[in-house]
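Structure first, commentary second.
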Amino acid sequence: MLALLAALALLVPAPQRPDTDGDFLAFAQTPRRPGNLVARTGVVGRSAEGRPIEGRQLGDPKWPGELLVFGCIHGDECGASAIEPTIGGCPDPSADIFIVPDLDPDGSAARSRLNAHGVDLNRNFNAGWRPAGEAGSAEYPGPRPFSEPETRLAARIVHALEPAATIWFHQYRGERPFVRAWGQSVAAGRRFATLARMPFRLIRWPAGTGPNWQNHRFAAPAFVVELPQGRLEPEMRGRLSEALVRMGRWVRED
Ligand SMILES: [Zn+2]
């Protein structure tokens with residue numbers, strides 16, 4: 001099955017002009033193969049330095065309620081990029097999961113929290129945005145909201161997919177993983193915490209973050225998972241993979 005999926009993924013051509021409106025998700029519109037399940041990958045946009053930003057779709061696209069996952073927005077917090085939300089290596093037929101493994105490929109290439117312009121992408125969204133510091137400082141929000149190609153791409157993906165729920169992965173200095181959410185996203189956050197066997201914390205959205213923007217613009221939940229730093233242990237990867245699949249089933253609209 002894995003080899004078949006890999007072959008299918010190779011058959012799907014990347015869109016030719018991924019940065020233009022309308023066709024950046026073209027790879028996700030290719031026909032389904034027999035058996036319904038898909039695992040398809042395409043380039044959905046480019047970073048400030050022109051690195052490709054990948055999108056993956058796993059599961060069965062017939063379900064209208066999609067789970068959107070951003071594996072990494074801070075380039076030095078990309079442990080979750082390695083998570084494959086599959087069951088026994090196969091996409092789940094009862095969920096439709098869209099993943100952006102790494103929204104900050106320039107930062108991850110440079111092992112930096114920031115993007116190539118020295119901007120903290122998770123302070124650059126248009127919700128409570130305010131100027132602070134200068135390029136290269138730890139939480140520099142950029143010269144204006146959505147000044148960066150990476151955050152504009154994230155917004156475009158959210159608008160295009162209108163996901164039933166969105167999960168943003170981060171890594172922090174603590175040792176214990178946890179789920180954090182606020183307001184309308186608390187129920188979904190608590191649900192994921194249960195599925196992933198992690199504690200839940202009620203925490204307000206910092207200014208200019210992706211979840212802050214989503215929670216003010218859309219009714220669907222968007223929340224954060226904080227993991228310890230470094231590479232994820234296989235046990236943690238497996239646990240999160242399963243929890244994502246179960247979350248995908250939970251948010252799907254029958
Ligand atoms: Zn972070």
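Residue numbering restarts at 1 for every chain of the structure tokens, chains are lettered A, B, ... in their displayed order, and ligands are numbered from 1 as they appear.
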
Selection as a PDB file with N, CA, C and O atoms, in the first residue's frame: residues within 9 Å of ligand 1 by only C-alpha atoms and all ligand atoms:
```
ATOM      1  N   CYS A  72       4.587  23.548  11.037  1.00  0.00           N
ATOM      2  CA  CYS A  72       5.683  24.414  11.486  1.00  0.00           C
ATOM      3  C   CYS A  72       5.493  25.809  10.917  1.00  0.00           C
ATOM      4  O   CYS A  72       5.350  25.970   9.706  1.00  0.00           O
ATOM      5  N   ILE A  73       5.498  26.823  11.787  1.00  0.00           N
ATOM      6  CA  ILE A  73       5.470  28.224  11.320  1.00  0.00           C
ATOM      7  C   ILE A  73       6.708  28.964  11.816  1.00  0.00           C
ATOM      8  O   ILE A  73       7.080  29.993  11.279  1.00  0.00           O
ATOM      9  N   HIS A  74       7.361  28.441  12.853  1.00  0.00           N
ATOM     10  CA  HIS A  74       8.640  28.971  13.336  1.00  0.00           C
ATOM     11  C   HIS A  74       9.726  27.982  12.905  1.00  0.00           C
ATOM     12  O   HIS A  74       9.708  26.819  13.325  1.00  0.00           O
ATOM     13  N   GLY A  75      10.672  28.458  12.078  1.00  0.00           N
ATOM     14  CA  GLY A  75      11.620  27.569  11.415  1.00  0.00           C
ATOM     15  C   GLY A  75      12.450  26.679  12.328  1.00  0.00           C
ATOM     16  O   GLY A  75      12.980  25.660  11.891  1.00  0.00           O
ATOM     17  N   ASP A  76      12.583  27.051  13.593  1.00  0.00           N
ATOM     18  CA  ASP A  76      13.349  26.198  14.510  1.00  0.00           C
ATOM     19  C   ASP A  76      12.429  25.359  15.403  1.00  0.00           C
ATOM     20  O   ASP A  76      12.837  24.874  16.451  1.00  0.00           O
ATOM     21  N   GLU A  77      11.164  25.201  14.947  1.00  0.00           N
ATOM     22  CA  GLU A  77      10.191  24.407  15.715  1.00  0.00           C
ATOM     23  C   GLU A  77       9.465  23.446  14.778  1.00  0.00           C
ATOM     24  O   GLU A  77       8.242  23.386  14.757  1.00  0.00           O
ATOM     25  N   ARG A 113      13.901  31.010  14.024  1.00  0.00           N
ATOM     26  CA  ARG A 113      12.471  31.164  14.300  1.00  0.00           C
ATOM     27  C   ARG A 113      11.806  32.020  13.224  1.00  0.00           C
ATOM     28  O   ARG A 113      10.627  31.871  12.930  1.00  0.00           O
ATOM     29  N   ASN A 122       4.406  34.255  12.978  1.00  0.00           N
ATOM     30  CA  ASN A 122       3.248  34.115  13.864  1.00  0.00           C
ATOM     31  C   ASN A 122       2.965  35.378  14.677  1.00  0.00           C
ATOM     32  O   ASN A 122       2.337  35.336  15.727  1.00  0.00           O
ATOM     33  N   TRP A 168      -2.218  24.293  14.738  1.00  0.00           N
ATOM     34  CA  TRP A 168      -0.890  24.874  14.516  1.00  0.00           C
ATOM     35  C   TRP A 168       0.086  24.241  15.509  1.00  0.00           C
ATOM     36  O   TRP A 168      -0.104  24.354  16.723  1.00  0.00           O
ATOM     37  N   PHE A 169       1.143  23.614  15.007  1.00  0.00           N
ATOM     38  CA  PHE A 169       2.138  23.012  15.897  1.00  0.00           C
ATOM     39  C   PHE A 169       3.283  23.984  16.168  1.00  0.00           C
ATOM     40  O   PHE A 169       3.758  24.691  15.271  1.00  0.00           O
ATOM     41  N   HIS A 170       3.721  23.979  17.432  1.00  0.00           N
ATOM     42  CA  HIS A 170       4.897  24.743  17.860  1.00  0.00           C
ATOM     43  C   HIS A 170       5.744  23.855  18.770  1.00  0.00           C
ATOM     44  O   HIS A 170       5.302  22.804  19.214  1.00  0.00           O
ATOM     45  N   GLN A 171       6.972  24.328  19.053  1.00  0.00           N
ATOM     46  CA  GLN A 171       7.808  23.675  20.064  1.00  0.00           C
ATOM     47  C   GLN A 171       8.309  24.743  21.019  1.00  0.00           C
ATOM     48  O   GLN A 171       8.726  25.823  20.589  1.00  0.00           O
ATOM     49  N   TYR A 172       8.252  24.459  22.291  1.00  0.00           N
ATOM     50  CA  TYR A 172       8.639  25.455  23.290  1.00  0.00           C
ATOM     51  C   TYR A 172       9.701  24.868  24.210  1.00  0.00           C
ATOM     52  O   TYR A 172      10.102  23.719  24.063  1.00  0.00           O
ATOM     53  N   GLU A 226       1.642  22.696  21.638  1.00  0.00           N
ATOM     54  CA  GLU A 226       3.033  23.000  22.007  1.00  0.00           C
ATOM     55  C   GLU A 226       3.750  21.699  22.366  1.00  0.00           C
ATOM     56  O   GLU A 226       3.321  20.972  23.256  1.00  0.00           O
TER      57      GLU A 226
END
```

Polymer residues at most 10 Å from Arg123 in chain A, only C-alpha atoms, same-chain spacing of 5 or more positions, as an mmCIF file with N, CA, C and O atoms, in the first residue's frame:
```cif
data_model
loop_
_atom_site.group_PDB
_atom_site.id
_atom_site.type_symbol
_atom_site.label_atom_id
_atom_site.label_comp_id
_atom_site.auth_asym_id
_atom_site.auth_seq_id
_atom_site.Cartn_x
_atom_site.Cartn_y
_atom_site.Cartn_z
ATOM 1 N N GLY A 128 -5.038 42.100 15.791
ATOM 2 C CA GLY A 128 -4.326 42.682 16.917
ATOM 3 C C GLY A 128 -2.877 43.009 16.582
ATOM 4 O O GLY A 128 -2.060 43.235 17.478
ATOM 5 N N TRP A 129 -2.554 43.046 15.283
ATOM 6 C CA TRP A 129 -1.171 43.323 14.875
ATOM 7 C C TRP A 129 -0.726 44.681 15.414
ATOM 8 O O TRP A 129 -1.491 45.640 15.421
ATOM 9 N N ARG A 130 0.514 44.723 15.869
ATOM 10 C CA ARG A 130 1.066 46.018 16.310
ATOM 11 C C ARG A 130 2.565 46.010 16.074
ATOM 12 O O ARG A 130 3.216 44.959 16.179
ATOM 13 N N PRO A 131 3.134 47.197 15.735
ATOM 14 C CA PRO A 131 4.581 47.249 15.473
ATOM 15 C C PRO A 131 5.376 46.962 16.745
ATOM 16 O O PRO A 131 4.942 47.308 17.845
ATOM 17 N N ALA A 132 6.516 46.319 16.593
ATOM 18 C CA ALA A 132 7.375 46.011 17.740
ATOM 19 C C ALA A 132 8.755 45.630 17.235
ATOM 20 O O ALA A 132 8.879 44.903 16.245
ATOM 21 N N GLU A 139 10.384 38.616 18.174
ATOM 22 C CA GLU A 139 8.962 38.605 17.812
ATOM 23 C C GLU A 139 8.623 39.762 16.882
ATOM 24 O O GLU A 139 7.520 40.325 16.938
ATOM 25 N N TYR A 140 9.565 40.090 15.980
ATOM 26 C CA TYR A 140 9.324 41.181 15.038
ATOM 27 C C TYR A 140 8.127 40.843 14.146
ATOM 28 O O TYR A 140 8.128 39.829 13.439
ATOM 29 N N PRO A 141 7.063 41.698 14.163
ATOM 30 C CA PRO A 141 5.823 41.339 13.457
ATOM 31 C C PRO A 141 5.807 41.741 11.985
ATOM 32 O O PRO A 141 4.789 41.574 11.321
ATOM 33 N N GLY A 142 6.931 42.297 11.485
ATOM 34 C CA GLY A 142 6.955 42.759 10.099
ATOM 35 C C GLY A 142 6.520 44.208 9.999
ATOM 36 O O GLY A 142 6.001 44.778 10.962
ATOM 37 N N PRO A 145 0.715 44.111 8.687
ATOM 38 C CA PRO A 145 0.087 42.777 8.665
ATOM 39 C C PRO A 145 0.163 42.157 7.270
ATOM 40 O O PRO A 145 0.016 42.857 6.270
ATOM 41 N N PHE A 146 0.400 40.878 7.221
ATOM 42 C CA PHE A 146 0.482 40.131 5.955
ATOM 43 C C PHE A 146 1.523 40.712 5.001
ATOM 44 O O PHE A 146 1.347 40.682 3.779
ATOM 45 N N THR A 151 2.720 34.248 5.260
ATOM 46 C CA THR A 151 1.449 34.459 5.964
ATOM 47 C C THR A 151 0.310 34.705 4.970
ATOM 48 O O THR A 151 -0.826 34.276 5.201
ATOM 49 N N PRO A 206 -1.832 35.422 21.466
ATOM 50 C CA PRO A 206 -0.975 36.607 21.354
ATOM 51 C C PRO A 206 -1.349 37.425 20.108
ATOM 52 O O PRO A 206 -1.953 36.906 19.160
ATOM 53 N N ALA A 207 -0.963 38.712 20.109
ATOM 54 C CA ALA A 207 -1.274 39.606 18.998
ATOM 55 C C ALA A 207 -0.628 39.110 17.705
ATOM 56 O O ALA A 207 0.517 38.667 17.698
ATOM 57 N N GLY A 208 -1.397 39.181 16.622
ATOM 58 C CA GLY A 208 -0.837 38.917 15.296
ATOM 59 C C GLY A 208 -0.591 37.457 14.967
ATOM 60 O O GLY A 208 0.038 37.151 13.949
ATOM 61 N N THR A 209 -1.114 36.531 15.783
ATOM 62 C CA THR A 209 -0.857 35.114 15.496
ATOM 63 C C THR A 209 -1.893 34.555 14.514
ATOM 64 O O THR A 209 -2.995 35.098 14.362
ATOM 65 N N GLY A 210 -1.548 33.445 13.883
ATOM 66 C CA GLY A 210 -2.457 32.790 12.953
ATOM 67 C C GLY A 210 -3.791 32.421 13.602
ATOM 68 O O GLY A 210 -4.858 32.745 13.071
ATOM 69 N N ASN A 212 -5.166 33.683 16.237
ATOM 70 C CA ASN A 212 -5.865 34.918 16.589
ATOM 71 C C ASN A 212 -6.667 35.408 15.379
ATOM 72 O O ASN A 212 -7.874 35.678 15.468
#
```

Please give the complete set of residues from range 40-250 of chain A that DSSP, run on the backbone, assigns to strand (DSSP E or B), formatted as a PyMOL selection string. chain A and resi 40-46+52-59+67-70+87+90+96-100+165-172+178-181+200-202+222-228

Using only C-alpha atoms, which of the listed residues (A:Ala188, A:Val119, A:Ala154, A:Pro149) sits closest to Ser137 in chain A? A:Val119

Ala222 in chain A: which residues within 8 Å, counting only C-alpha atoms, same-chain residues fewer than 3 positions away excluded, as an MDAnalysis selection string? chainID A and resid 165:168 181 185 211 214:215

What gap, in Å, lies between CA of Gly174 in chain A and CA of Arg204 in chain A? 18.4 Å

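Straight-line separation from CA of Trp250 in chain A to CA of Ala164 in chain A: 9.7 Å.
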
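Counting only C-alpha atoms and comparing A:Leu121, A:Ala48, A:Val186, A:Ala196, the residue that lies closest to Ala155 in chain A is A:Leu121.
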
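Closest approach to Gly183 in chain A among A:Ala160, A:Gly55, A:Pro221, A:Phe200 is made by A:Pro221 (distances from only C-alpha atoms).
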
Have a look at CA of Phe125 in chain A and CA of Glu242 in chain A and let me know their distance in Å, one decimal. 29.7 Å

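Closest approach to Ser147 in chain A from the set A:Gln229, A:Arg176, A:Asn115, A:Ser108 is made by A:Asn115, with distances taken over only C-alpha atoms.
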